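Peer 1: For reference, this is work-v6.tsv, and it has TSV, C-alpha atoms.
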```
chain	number	residue	atom	x	y	z
A	95	MET	CA	32.27	-97.10	102.27
A	96	GLN	CA	35.44	-94.98	102.42
A	97	GLN	CA	33.80	-92.53	104.78
A	98	LYS	CA	32.60	-95.35	107.04
A	99	LEU	CA	36.08	-96.88	107.19
A	100	SER	CA	37.54	-93.45	107.92
A	101	LEU	CA	35.03	-92.97	110.73
A	102	ILE	CA	36.02	-96.34	112.20
A	103	LEU	CA	39.70	-95.33	112.10
A	104	ALA	CA	38.86	-92.03	113.79
A	105	ILE	CA	37.04	-93.94	116.55
A	106	VAL	CA	40.00	-96.30	116.99
A	107	ILE	CA	42.51	-93.46	117.33
A	108	SER	CA	40.16	-91.67	119.75
A	109	VAL	CA	39.88	-94.80	121.90
A	110	PHE	CA	43.67	-95.05	121.89
A	111	ALA	CA	43.87	-91.42	123.02
A	112	PHE	CA	41.44	-92.20	125.83
A	113	TYR	CA	43.59	-95.17	126.84
A	114	LEU	CA	46.66	-92.93	126.99
A	115	SER	CA	44.81	-90.55	129.30
A	116	THR	CA	44.21	-93.36	131.80
A	117	ILE	CA	47.87	-94.27	132.30
A	118	PRO	CA	50.26	-92.31	134.56
A	119	ASN	CA	51.41	-89.04	132.99
A	120	GLY	CA	49.33	-89.82	129.93
A	121	ASN	CA	47.07	-86.76	129.79
A	122	ILE	CA	49.43	-84.60	127.78
A	123	PRO	CA	50.38	-87.37	125.30
A	124	SER	CA	46.68	-88.08	124.85
A	125	PHE	CA	46.01	-84.42	124.17
A	126	ALA	CA	48.95	-84.29	121.75
A	127	LEU	CA	47.50	-87.19	119.76
A	128	LEU	CA	44.06	-85.58	119.49
A	129	CYS	CA	45.63	-82.20	118.72
A	130	GLY	CA	47.60	-83.78	115.90
A	131	LEU	CA	44.45	-85.49	114.62
A	132	VAL	CA	42.63	-82.16	114.25
A	133	PHE	CA	45.78	-80.59	112.83
A	134	GLY	CA	46.12	-83.28	110.17
A	135	VAL	CA	42.46	-83.14	109.11
A	136	ALA	CA	42.56	-79.35	108.82
A	137	MET	CA	45.80	-79.36	106.83
A	138	GLN	CA	44.61	-81.98	104.36
A	139	LYS	CA	41.11	-80.65	103.81
A	140	SER	CA	42.21	-77.03	103.38
A	141	ARG	CA	45.43	-77.97	101.52
A	142	PHE	CA	47.35	-75.94	104.11
A	143	CYS	CA	50.90	-75.75	102.80
A	144	PHE	CA	53.30	-72.83	103.11
A	145	TYR	CA	55.01	-73.55	99.80
A	146	CYS	CA	51.82	-74.30	97.85
A	147	HIS	CA	50.09	-71.15	99.08
A	148	LEU	CA	53.07	-68.94	98.32
A	149	ARG	CA	53.52	-70.52	94.89
A	150	GLU	CA	49.89	-69.78	94.05
A	151	TRP	CA	50.55	-66.17	94.91
A	152	PHE	CA	53.82	-65.89	92.98
A	153	GLU	CA	52.69	-67.79	89.87
A	154	ASP	CA	48.93	-67.23	89.68
A	155	GLY	CA	48.46	-64.02	91.65
A	156	ASP	CA	46.02	-65.82	93.97
A	157	PRO	CA	46.59	-64.54	97.53
A	158	ARG	CA	43.95	-66.59	99.34
A	159	GLY	CA	46.36	-69.25	100.59
A	160	ALA	CA	48.92	-66.67	101.70
A	161	LEU	CA	46.14	-64.80	103.52
A	162	ALA	CA	45.25	-68.05	105.30
A	163	LEU	CA	48.86	-68.28	106.51
A	164	LEU	CA	48.62	-64.74	107.89
A	165	LEU	CA	45.29	-65.59	109.52
A	166	ALA	CA	46.84	-68.57	111.30
A	167	ILE	CA	49.64	-66.35	112.58
A	168	ALA	CA	47.23	-63.60	113.70
A	169	VAL	CA	44.89	-65.98	115.55
A	170	GLY	CA	47.80	-67.64	117.30
A	171	LEU	CA	49.43	-64.30	118.06
A	172	ILE	CA	46.34	-63.06	119.89
A	173	GLY	CA	45.98	-66.35	121.76
A	174	TYR	CA	49.65	-66.46	122.71
A	175	THR	CA	49.53	-62.89	124.00
A	176	VAL	CA	46.63	-63.72	126.33
A	177	VAL	CA	48.08	-67.03	127.53
A	178	VAL	CA	51.72	-66.04	127.94
A	179	GLY	CA	50.69	-62.70	129.44
A	180	SER	CA	48.83	-64.56	132.18
A	181	TRP	CA	51.93	-66.65	132.90
A	182	GLN	CA	54.37	-63.76	132.97
A	183	PRO	CA	52.68	-60.37	133.43
A	184	VAL	CA	55.92	-58.45	132.97
A	185	PRO	CA	57.83	-59.66	129.89
A	186	THR	CA	61.62	-59.47	130.13
A	187	ILE	CA	64.33	-60.68	127.79
A	188	SER	CA	66.11	-62.39	130.68
A	189	ASN	CA	63.09	-64.50	131.55
A	190	ILE	CA	61.50	-65.72	128.32
A	191	PRO	CA	58.79	-68.31	129.11
A	192	PRO	CA	59.97	-71.94	128.73
A	193	ASP	CA	59.46	-73.69	125.39
A	194	ILE	CA	58.67	-70.47	123.51
A	195	HIS	CA	60.09	-70.82	120.00
A	196	ALA	CA	62.37	-67.80	120.16
A	197	GLY	CA	65.73	-68.46	118.55
A	198	PRO	CA	68.97	-66.52	118.16
A	199	VAL	CA	68.89	-63.89	115.43
A	200	SER	CA	71.93	-64.03	113.18
A	201	GLU	CA	73.15	-64.56	109.63
A	202	VAL	CA	73.01	-68.29	110.33
A	203	LEU	CA	69.24	-68.09	110.77
A	204	VAL	CA	68.93	-66.23	107.47
A	205	LEU	CA	71.02	-68.89	105.74
A	206	ALA	CA	68.98	-71.69	107.32
A	207	GLY	CA	65.71	-70.11	106.19
A	208	PHE	CA	67.07	-69.61	102.68
A	209	VAL	CA	68.28	-73.21	102.36
A	210	PHE	CA	64.97	-74.45	103.79
A	211	GLY	CA	63.09	-72.39	101.20
A	212	LEU	CA	65.13	-73.85	98.34
A	213	GLY	CA	64.40	-77.32	99.70
A	214	MET	CA	60.70	-76.49	99.53
A	215	VAL	CA	61.03	-75.48	95.88
A	216	ILE	CA	62.84	-78.71	95.00
A	217	THR	CA	60.40	-81.01	96.81
A	218	GLU	CA	57.37	-78.74	96.23
A	219	SER	CA	56.39	-78.77	99.88
A	220	CYS	CA	57.50	-78.04	103.43
A	221	ILE	CA	58.14	-80.75	106.03
A	222	SER	CA	54.72	-80.47	107.68
A	223	ALA	CA	52.90	-80.72	104.35
A	224	HIS	CA	55.06	-83.69	103.33
A	225	TRP	CA	53.61	-85.56	106.28
A	226	TYR	CA	50.06	-85.08	105.06
A	227	HIS	CA	51.04	-85.60	101.42
A	228	LEU	CA	52.50	-88.92	102.53
A	229	SER	CA	49.05	-89.82	103.86
A	230	GLU	CA	47.67	-89.14	100.36
A	231	GLY	CA	50.06	-91.62	98.74
A	232	SER	CA	52.68	-89.14	97.53
A	233	SER	CA	55.87	-90.76	96.30
A	234	ILE	CA	58.25	-87.81	96.60
A	235	SER	CA	57.19	-87.08	100.19
A	236	PHE	CA	58.52	-90.44	101.36
A	237	PHE	CA	61.98	-89.65	100.02
A	238	ALA	CA	61.79	-86.02	101.17
A	239	LEU	CA	61.22	-87.15	104.75
A	240	ILE	CA	64.14	-89.56	104.52
A	241	GLY	CA	66.20	-86.69	103.15
A	242	THR	CA	65.04	-84.57	106.09
A	243	GLY	CA	66.65	-87.07	108.45
A	244	VAL	CA	69.85	-86.88	106.41
A	245	GLY	CA	69.69	-83.10	106.63
A	246	PHE	CA	69.41	-83.24	110.41
A	247	PHE	CA	72.44	-85.52	110.48
A	248	VAL	CA	74.42	-82.98	108.43
A	249	GLY	CA	73.10	-80.20	110.63
A	250	PHE	CA	74.29	-81.89	113.82
A	251	ASN	CA	77.76	-82.13	112.32
A	252	THR	CA	77.86	-78.46	111.32
A	253	TRP	CA	76.22	-77.10	114.46
A	254	ASN	CA	79.27	-76.69	116.69
A	255	ALA	CA	81.19	-74.72	114.07
A	256	LEU	CA	78.25	-72.41	113.37
A	257	TYR	CA	77.53	-72.04	117.08
A	258	SER	CA	81.07	-70.95	117.81
A	259	LEU	CA	81.22	-68.70	114.77
A	260	ARG	CA	77.98	-66.76	115.23
A	261	ILE	CA	75.13	-68.38	117.13
A	262	SER	CA	76.66	-68.32	120.61
A	263	ASP	CA	76.69	-64.52	120.83
A	264	ALA	CA	73.58	-63.87	118.71
A	265	PRO	CA	70.72	-62.10	120.54
A	266	ILE	CA	67.31	-63.64	121.16
A	267	ILE	CA	64.81	-60.90	120.40
A	268	TRP	CA	61.39	-61.44	121.99
A	269	LEU	CA	59.26	-58.49	120.95
A	270	PRO	CA	57.04	-58.28	124.09
A	271	ALA	CA	60.19	-57.70	126.15
A	272	TYR	CA	60.91	-54.56	124.12
A	273	PHE	CA	57.42	-53.22	123.40
A	274	GLY	CA	55.26	-54.84	126.07
A	275	TYR	CA	52.50	-57.32	125.21
A	276	GLY	CA	50.16	-54.66	123.87
A	277	GLY	CA	52.81	-52.91	121.82
A	278	ALA	CA	54.19	-56.13	120.35
A	279	LEU	CA	50.68	-57.34	119.51
A	280	ALA	CA	49.76	-54.04	117.84
A	281	LEU	CA	53.05	-53.95	115.92
A	282	GLN	CA	52.69	-57.47	114.56
A	283	LEU	CA	48.97	-57.31	113.83
A	284	GLY	CA	49.62	-54.01	112.04
A	285	ALA	CA	52.29	-55.69	109.91
A	286	ILE	CA	49.91	-58.58	109.16
A	287	LEU	CA	47.17	-56.11	108.18
A	288	LEU	CA	49.50	-54.25	105.83
A	289	LEU	CA	50.64	-57.51	104.26
A	290	SER	CA	47.02	-58.62	103.86
A	291	VAL	CA	46.07	-55.39	102.12
A	292	PHE	CA	49.10	-55.72	99.86
A	293	LEU	CA	48.21	-59.32	99.00
A	294	TRP	CA	44.53	-58.63	98.34
A	295	ARG	CA	45.11	-55.46	96.35
A	296	GLY	CA	44.45	-56.01	92.67
A	297	PHE	CA	43.19	-59.56	93.12
A	298	ALA	CA	40.31	-60.04	90.68
A	299	LYS	CA	37.65	-62.32	92.03
A	300	GLU	CA	35.64	-64.29	89.53
A	301	GLU	CA	32.04	-63.25	89.28
A	302	SER	CA	29.88	-65.88	90.82
A	303	GLU	CA	27.13	-67.38	88.72
A	304	GLU	CA	23.57	-67.33	89.93
A	305	ARG	CA	22.74	-70.59	91.60
A	306	THR	CA	19.59	-72.07	92.94
A	307	VAL	CA	19.61	-71.98	96.69
A	308	PHE	CA	18.59	-75.20	98.43
A	309	VAL	CA	19.04	-76.70	101.87
A	310	PRO	CA	21.05	-79.95	101.66
A	311	SER	CA	20.17	-82.94	103.77
A	312	PHE	CA	22.41	-84.10	106.59
A	313	SER	CA	23.89	-86.90	104.47
A	314	GLN	CA	24.61	-84.46	101.62
A	315	THR	CA	26.24	-82.03	104.04
A	316	TRP	CA	28.36	-84.83	105.52
A	317	LYS	CA	29.55	-85.95	102.09
A	318	ARG	CA	30.37	-82.42	101.03
A	319	LEU	CA	32.33	-81.91	104.24
A	320	TRP	CA	34.74	-84.68	103.28
A	321	GLN	CA	34.61	-84.64	99.49
A	322	ASN	CA	35.04	-80.90	98.95
A	323	GLN	CA	38.10	-78.88	99.77
A	324	TRP	CA	37.61	-76.55	102.71
A	325	SER	CA	38.11	-72.83	102.23
A	326	TYR	CA	41.62	-71.58	102.82
A	327	TRP	CA	40.50	-69.36	105.68
A	328	VAL	CA	38.93	-72.30	107.49
A	329	GLY	CA	42.28	-74.09	107.52
A	330	GLY	CA	44.09	-70.96	108.67
A	331	LEU	CA	41.60	-70.39	111.48
A	332	ILE	CA	41.68	-73.99	112.75
A	333	ILE	CA	45.45	-74.25	112.63
A	334	GLY	CA	45.79	-70.93	114.47
A	335	LEU	CA	43.44	-72.20	117.18
A	336	VAL	CA	45.29	-75.53	117.39
A	337	GLY	CA	48.48	-73.56	117.98
A	338	VAL	CA	46.84	-71.72	120.88
A	339	ALA	CA	45.46	-74.95	122.35
A	340	ALA	CA	48.91	-76.53	122.12
A	341	ILE	CA	50.64	-73.77	124.08
A	342	ILE	CA	47.93	-73.88	126.77
A	343	ARG	CA	48.05	-77.65	127.31
A	344	MET	CA	51.54	-78.74	126.31
A	345	LYS	CA	54.05	-76.68	124.30
A	346	PRO	CA	54.26	-74.83	120.95
A	347	LEU	CA	53.53	-76.78	117.80
A	348	GLY	CA	56.42	-78.41	115.96
A	349	VAL	CA	56.69	-81.37	113.60
A	350	THR	CA	60.45	-81.92	113.31
A	351	ALA	CA	61.34	-82.85	116.90
A	352	THR	CA	60.64	-86.54	116.32
A	353	ILE	CA	62.86	-86.78	113.23
A	354	ALA	CA	65.53	-84.80	115.06
A	355	SER	CA	65.40	-87.06	118.13
A	356	TRP	CA	65.55	-90.29	116.14
A	357	THR	CA	68.36	-89.02	113.94
A	358	ARG	CA	70.37	-87.83	116.92
A	359	GLU	CA	69.89	-91.03	118.89
A	360	ILE	CA	70.89	-93.30	115.99
A	361	SER	CA	73.86	-91.11	115.10
A	362	ASN	CA	75.03	-91.08	118.72
A	363	ARG	CA	74.93	-94.85	118.92
A	364	PHE	CA	77.34	-95.12	115.99
A	365	GLU	CA	79.33	-92.05	117.06
A	366	LEU	CA	78.60	-90.27	113.77
A	367	ILE	CA	77.98	-86.83	115.29
A	368	PRO	CA	79.78	-84.88	118.03
A	369	ALA	CA	79.05	-86.23	121.49
A	370	ARG	CA	78.48	-82.65	122.64
A	371	LEU	CA	76.39	-80.18	120.67
A	372	ASN	CA	77.32	-76.85	122.19
A	373	GLY	CA	74.36	-74.87	123.52
A	374	LEU	CA	71.81	-76.73	121.39
A	375	ASP	CA	69.71	-78.18	124.20
A	376	GLY	CA	69.57	-74.81	125.93
A	377	PHE	CA	67.52	-73.29	123.13
A	378	ALA	CA	63.74	-73.66	123.03
A	379	GLY	CA	62.32	-74.99	119.79
A	380	CYS	CA	62.03	-78.36	118.11
A	381	GLY	CA	64.30	-80.26	120.48
A	382	SER	CA	66.29	-83.33	119.60
A	383	LEU	CA	66.85	-85.06	122.93
A	384	PRO	CA	66.06	-88.81	122.80
A	385	LYS	CA	62.63	-89.58	124.26
A	386	HIS	CA	60.46	-92.61	124.95
A	387	PHE	CA	58.39	-93.15	121.82
A	388	TRP	CA	54.99	-94.06	123.25
A	389	LEU	CA	54.84	-91.30	125.85
A	390	ASN	CA	56.57	-88.75	123.66
A	391	GLN	CA	54.12	-85.95	122.93
A	392	ASP	CA	56.06	-84.91	119.82
A	393	ALA	CA	55.79	-88.38	118.30
A	394	LEU	CA	52.11	-88.68	119.21
A	395	LEU	CA	51.35	-85.24	117.75
A	396	LEU	CA	53.02	-86.40	114.54
A	397	LEU	CA	51.14	-89.70	114.60
A	398	GLY	CA	47.87	-87.82	114.99
A	399	LEU	CA	48.76	-85.53	112.09
A	400	VAL	CA	49.47	-88.43	109.73
A	401	VAL	CA	46.39	-90.42	110.80
A	402	GLY	CA	44.15	-87.34	110.65
A	403	ALA	CA	45.40	-86.47	107.17
A	404	PHE	CA	44.87	-90.06	106.02
A	405	ILE	CA	41.33	-90.10	107.42
A	406	ALA	CA	40.54	-86.86	105.57
A	407	SER	CA	42.15	-87.92	102.28
A	408	PHE	CA	40.65	-91.42	102.30
A	409	ALA	CA	37.17	-90.20	103.24
A	410	GLY	CA	37.31	-87.59	100.47
A	411	GLY	CA	38.61	-90.01	97.85
A	412	ASN	CA	41.96	-88.19	97.64
A	413	PHE	CA	44.19	-91.10	98.57
A	414	GLN	CA	46.06	-92.41	95.56
A	415	PHE	CA	49.32	-94.29	95.78
A	416	GLN	CA	51.88	-92.93	93.35
A	417	LYS	CA	54.58	-95.22	92.05
A	418	PRO	CA	57.92	-93.55	92.81
A	419	THR	CA	60.40	-92.75	90.08
A	420	LEU	CA	64.15	-92.16	90.18
A	421	LYS	CA	63.44	-88.46	89.72
A	422	ASP	CA	61.15	-88.48	92.75
A	423	ALA	CA	63.83	-90.20	94.80
A	424	ALA	CA	66.58	-87.83	93.70
A	425	LEU	CA	64.57	-84.65	94.20
A	426	GLY	CA	63.18	-85.90	97.48
A	427	ILE	CA	66.56	-86.80	98.97
A	428	VAL	CA	68.34	-83.65	97.77
A	429	GLY	CA	65.52	-81.26	98.65
A	430	GLY	CA	64.73	-83.10	101.87
A	431	THR	CA	68.36	-82.81	102.98
A	432	MET	CA	68.12	-79.06	102.51
A	433	LEU	CA	64.86	-79.01	104.47
A	434	GLY	CA	66.38	-80.99	107.30
A	435	TRP	CA	69.57	-78.93	107.51
A	436	GLY	CA	67.60	-75.68	107.45
A	437	ALA	CA	65.13	-76.89	110.09
A	438	MET	CA	67.87	-78.20	112.39
A	439	THR	CA	69.95	-75.04	112.13
A	440	ALA	CA	66.93	-72.75	112.55
A	441	LEU	CA	65.60	-74.87	115.46
A	442	GLY	CA	62.36	-75.60	113.61
A	443	CYS	CA	60.56	-75.61	110.27
A	444	THR	CA	57.57	-73.66	108.96
A	445	ILE	CA	55.48	-74.89	111.91
A	446	GLY	CA	58.03	-74.63	114.71
A	447	ALA	CA	60.36	-71.79	113.74
A	448	LEU	CA	57.92	-69.78	111.61
A	449	LEU	CA	54.35	-70.34	112.81
A	450	SER	CA	55.04	-70.92	116.51
A	451	GLY	CA	57.84	-68.35	116.44
A	452	THR	CA	55.79	-65.53	114.98
A	453	GLN	CA	52.80	-66.39	117.17
A	454	ALA	CA	55.09	-66.08	120.20
A	455	GLY	CA	56.33	-62.68	119.05
A	456	ALA	CA	59.89	-63.85	118.34
A	457	LEU	CA	61.83	-61.89	115.74
A	458	SER	CA	63.51	-65.16	114.73
A	459	GLY	CA	60.17	-66.39	113.34
A	460	TRP	CA	59.72	-63.33	111.15
A	461	LEU	CA	63.33	-63.41	109.96
A	462	PHE	CA	63.06	-67.11	109.09
A	463	ALA	CA	59.86	-66.34	107.16
A	464	ALA	CA	61.48	-63.49	105.22
A	465	SER	CA	64.54	-65.49	104.18
A	466	MET	CA	62.39	-68.49	103.26
A	467	LEU	CA	60.07	-66.27	101.21
A	468	LEU	CA	63.01	-64.82	99.29
A	469	ALA	CA	64.35	-68.30	98.52
A	470	ILE	CA	60.96	-69.55	97.31
A	471	TYR	CA	60.46	-66.53	95.07
A	472	GLY	CA	63.92	-66.80	93.55
A	473	GLY	CA	63.80	-70.58	93.32
A	474	ILE	CA	60.47	-70.57	91.48
A	475	LYS	CA	61.73	-67.92	89.04
A	476	ILE	CA	64.88	-69.92	88.28
A	477	ARG	CA	63.00	-73.21	87.98
A	478	ASN	CA	60.38	-71.80	85.61
A	479	ARG	CA	63.00	-70.15	83.44
A	480	PHE	CA	65.47	-73.00	83.11
A	481	PHE	CA	63.46	-76.13	83.91
A	482	GLY	CA	59.86	-75.17	83.27
```
Step by step, read the file and then write its structure as structure tokens.

Peer 2:
Amino acid sequence: MQQKLSLILAIVISVFAFYLSTIPNGNIPSFALLCGLVFGVAMQKSRFCFYCHLREWFEDGDPRGALALLLAIAVGLIGYTVVVGSWQPVPTISNIPPDIHAGPVSEVLVLAGFVFGLGMVITESCISAHWYHLSEGSSISFFALIGTGVGFFVGFNTWNALYSLRISDAPIIWLPAYFGYGGALALQLGAILLLSVFLWRGFAKEESEERTVFVPSFSQTWKRLWQNQWSYWVGGLIIGLVGVAAIIRMKPLGVTATIASWTREISNRFELIPARLNGLDGFAGCGSLPKHFWLNQDALLLLGLVVGAFIASFAGGNFQFQKPTLKDAALGIVGGTMLGWGAMTALGCTIGALLSGTQAGALSGWLFAASMLLAIYGGIKIRNRFFG
């Protein structure tokens, strides 16, 4: 019954996407909705979560999730190189393709990534994963996403000072402009290969037991597809391909633009943030300009993600509403505020700044990843020692 209801919901959202494609300028919003739908299903079924995968590596020595993250980056990196190379055959730092998530490289970015990483430790998830955890009935994710909005509000109020202090004169380093497309691709794939070897080295795989081989029926295969967790690498592959499809049809993936836009619009109405945010709208990334909700591709991508994750969790019997506690609320708000401030200041989260940034060959994506990784490692060590 759950799978049938999930199938009905999938049909309804697909019909809605078709309707969007029939209205003026609706093709890209329609694609964004379907793209988000696939994105959400893949994230939920493969448990794709930057924090969860890294925690499994740090605490259990299991690198499979972290390897899936690297796979997603590698797949997107190859796709981006082909696509962007066809748009701009000669890469130059003065003419970075529009919408590429390449941000200024400075100490502010390092700080933003570090604060974002600590927020992940506190809420036990990143912003993108909180969206699909919300579709599973998570209690802390609801408060973490509210806290994310608060963090964006704080970020808007600290932006001008940080921009004047360091961001305004910080360089934007797009690797293809320095090494060419081939050189940048080889450099980054080489780094990913070395990291993969380092992660896999010493990992002891459990010996598989002998099992009777049989060919399942179609109905058995269908049930297993939804009831069983997908392999990590499947999630990494699909999400990498979704990232490539997004840059071809619309713009790089990002899941914080909607929260940023809503927070900025509400804050502006009540004059709670500076009327002018110096240089912010000139940077590519998860933008925060107010947009029409229904034709906003960012909002529709997010809607597709949540609906897709709910379809996957409900069909697999993973949806379970959790009654929130005061601890959930406190941790969610505090950690979510850190997530929001870090994402706003870094011009994106693990999907926008990190995944889309590294796939585009931006040094800002790799620097954000490194500072976030350091914060997660240290945060987990401190939490396990004093609170575990």

Peer 1: Would you pick out the contacts of region 364-368 of chain A at 7 Å or less, using all atoms listed in the file, so that residues sharing its chain but fewer than 4 positions from it are not included, and give the list as a list in words?

Peer 2: Phe250, Asn251 and Ile360 of chain A

Peer 1: My list of candidates is A:Ile234, A:Leu103, A:Ile470, A:Val199. Which is closest to Thr419 (chain A) when distances are computed with only C-alpha atoms?

Peer 2: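 Going through A:Ile234, A:Leu103, A:Ile470, A:Val199 one by one, the smallest distance to Thr419 (chain A) is for A:Ile234.
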
Peer 1: Can you pull out the residues contacting region 260-267 of chain A? Cut-off 9 Å, using only C-alpha atoms, and skip same-chain residues under 6 positions away; I want them as a ChimeraX atom specification.

Peer 2: /A:187,196-203,372-373,455-458

Peer 1: Given all atoms listed in the file as the basis, pick out the residue of A:Val209, A:Ala423, A:Ile107, A:Ile332 nearest to Phe462 (chain A).

Peer 2: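 Using all atoms listed in the file, Phe462 (chain A) sits closest to A:Val209.
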
Peer 1: Looking at A:Pro346, A:Val135, A:Ala469, A:Ala166, which one is nearest to Pro191 (chain A), with distances taken over all atoms listed in the file?

Peer 2: A:Pro346

Peer 1: Would you mind telling me which residue in A:Val401, A:Leu449, A:Ile474, A:Leu287 lies nearest to Leu101 (chain A) when using all atoms listed in the file?

Peer 2: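 Looking only at the distances to Leu101 (chain A), the closest residue turns out to be A:Val401.
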
Peer 1: Using only C-alpha atoms, determine which residues lie at most 10 Å from Leu468 (chain A), disregarding the query and same-chain residues fewer than 5 positions distant; provide the list as a PDB file with C-alpha atoms, in the frame of the given file.

Peer 2:
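So out-v9.pdb came out as:
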```
ATOM      1  CA  GLY A 207      65.710 -70.110 106.190  1.00  0.00           C
ATOM      2  CA  PHE A 208      67.070 -69.610 102.680  1.00  0.00           C
ATOM      3  CA  GLY A 211      63.090 -72.390 101.200  1.00  0.00           C
ATOM      4  CA  LEU A 212      65.130 -73.850  98.340  1.00  0.00           C
ATOM      5  CA  ALA A 463      59.860 -66.340 107.160  1.00  0.00           C
ATOM      6  CA  GLY A 473      63.800 -70.580  93.320  1.00  0.00           C
TER       7      GLY A 473
END
```

Peer 1: What is the CA of His227 (chain A)-CA of Ile342 (chain A) distance in Å, reported with one decimal?

Peer 2: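 CA of His227 (chain A) sits 28.1 Å away from CA of Ile342 (chain A).
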
Peer 1: Tell me which of A:Ser140, A:Ser407, A:Gln414, A:Gln97 sits closest to Trp324 (chain A), counting all atoms listed in the file.

Peer 2: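 Of A:Ser140, A:Ser407, A:Gln414, A:Gln97, the one nearest Trp324 (chain A) is A:Ser140, counting all atoms listed in the file.
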
Peer 1: Once 3 Å is added on each side, what are the centre and the three edge lengths, in Å to one decimal, of the axis-aligned box enclosing the listed atoms of region 195-211 of chain A? Present them as AutoDock Vina command-line options.

Peer 2:
```
--center_x 66.6 --center_y -69.2 --center_z 110.7 --size_x 19.1 --size_y 16.6 --size_z 25.0
```

Peer 1: Could you name the residues that touch Thr186 (chain A) at 10 Å or less, counting only C-alpha atoms, but leaving out those on the same chain fewer than 4 positions away, as a PDB file with C-alpha atoms, keeping the file's coordinate frame?

Peer 2:
```
ATOM      1  CA  GLN A 182      54.370 -63.760 132.970  1.00  0.00           C
ATOM      2  CA  ILE A 190      61.500 -65.720 128.320  1.00  0.00           C
ATOM      3  CA  PRO A 191      58.790 -68.310 129.110  1.00  0.00           C
ATOM      4  CA  TRP A 268      61.390 -61.440 121.990  1.00  0.00           C
ATOM      5  CA  LEU A 269      59.260 -58.490 120.950  1.00  0.00           C
ATOM      6  CA  PRO A 270      57.040 -58.280 124.090  1.00  0.00           C
ATOM      7  CA  ALA A 271      60.190 -57.700 126.150  1.00  0.00           C
ATOM      8  CA  TYR A 272      60.910 -54.560 124.120  1.00  0.00           C
ATOM      9  CA  GLY A 274      55.260 -54.840 126.070  1.00  0.00           C
TER      10      GLY A 274
END
```

Peer 1: Taking into account only C-alpha atoms, which residue in the set A:Leu283, A:Ile476, A:Leu259, A:Leu161 is nearest to Ser325 (chain A)?

Peer 2: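 Closest to Ser325 (chain A) of all the choices is A:Leu161.
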
Peer 1: Have a look at CA of Trp151 (chain A) and CA of Leu467 (chain A) and let me know their distance in Å, one decimal.

Peer 2: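 Interatomic distance here is 11.4 Å.
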
Peer 1: Considering all atoms listed in the file, return as a PDB file with C-alpha atoms, in the frame of the given file whatever protein or nucleic-acid residues lie within 7 Å of Lys345 (chain A), sequence-local ones (same chain, fewer than 3 positions apart) excluded.

Peer 2:
```pdb
ATOM      1  CA  ASP A 193      59.460 -73.690 125.390  1.00  0.00           C
ATOM      2  CA  ALA A 340      48.910 -76.530 122.120  1.00  0.00           C
ATOM      3  CA  ILE A 341      50.640 -73.770 124.080  1.00  0.00           C
TER       4      ILE A 341
END
```

Peer 1: For CA of Leu395 (chain A) and CA of Gly120 (chain A), determine how far apart the two atoms are, in Å to one decimal place.

Peer 2: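 According to the coordinates, CA of Leu395 (chain A) and CA of Gly120 (chain A) are separated by 13.2 Å.
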
Peer 1: Extract region 342-352 of chain A from the coordinates I pasted, and write it as a PDB file, in the first residue's frame (atoms kept: N, CA and C atoms).

Peer 2:
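Result file out-v4.pdb:
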```
ATOM      1  N   ILE A 342      23.915  21.807 -17.341  1.00  0.00           N
ATOM      2  CA  ILE A 342      23.573  21.841 -18.766  1.00  0.00           C
ATOM      3  C   ILE A 342      22.258  22.584 -18.994  1.00  0.00           C
ATOM      4  N   ARG A 343      21.269  22.302 -18.154  1.00  0.00           N
ATOM      5  CA  ARG A 343      19.907  22.795 -18.407  1.00  0.00           C
ATOM      6  C   ARG A 343      19.576  24.086 -17.671  1.00  0.00           C
ATOM      7  N   MET A 344      20.143  24.262 -16.450  1.00  0.00           N
ATOM      8  CA  MET A 344      19.781  25.467 -15.710  1.00  0.00           C
ATOM      9  C   MET A 344      21.008  26.138 -15.106  1.00  0.00           C
ATOM     10  N   LYS A 345      21.407  25.738 -13.900  1.00  0.00           N
ATOM     11  CA  LYS A 345      22.582  26.299 -13.247  1.00  0.00           C
ATOM     12  C   LYS A 345      23.069  25.300 -12.206  1.00  0.00           C
ATOM     13  N   PRO A 346      24.236  25.518 -11.599  1.00  0.00           N
ATOM     14  CA  PRO A 346      24.765  24.541 -10.641  1.00  0.00           C
ATOM     15  C   PRO A 346      23.806  24.269  -9.494  1.00  0.00           C
ATOM     16  N   LEU A 347      23.891  23.057  -8.964  1.00  0.00           N
ATOM     17  CA  LEU A 347      23.037  22.673  -7.848  1.00  0.00           C
ATOM     18  C   LEU A 347      23.303  23.534  -6.621  1.00  0.00           C
ATOM     19  N   GLY A 348      22.249  23.767  -5.860  1.00  0.00           N
ATOM     20  CA  GLY A 348      22.342  24.488  -4.598  1.00  0.00           C
ATOM     21  C   GLY A 348      21.015  24.365  -3.878  1.00  0.00           C
ATOM     22  N   VAL A 349      21.040  24.231  -2.559  1.00  0.00           N
ATOM     23  CA  VAL A 349      19.792  24.025  -1.824  1.00  0.00           C
ATOM     24  C   VAL A 349      19.540  25.108  -0.777  1.00  0.00           C
ATOM     25  N   THR A 350      20.369  26.154  -0.751  1.00  0.00           N
ATOM     26  CA  THR A 350      20.188  27.190   0.267  1.00  0.00           C
ATOM     27  C   THR A 350      19.626  28.494  -0.301  1.00  0.00           C
ATOM     28  N   ALA A 351      19.549  28.603  -1.616  1.00  0.00           N
ATOM     29  CA  ALA A 351      19.119  29.862  -2.227  1.00  0.00           C
ATOM     30  C   ALA A 351      17.709  30.248  -1.806  1.00  0.00           C
ATOM     31  N   THR A 352      16.829  29.260  -1.661  1.00  0.00           N
ATOM     32  CA  THR A 352      15.448  29.560  -1.290  1.00  0.00           C
ATOM     33  C   THR A 352      15.368  30.117   0.120  1.00  0.00           C
TER      34      THR A 352
END
```
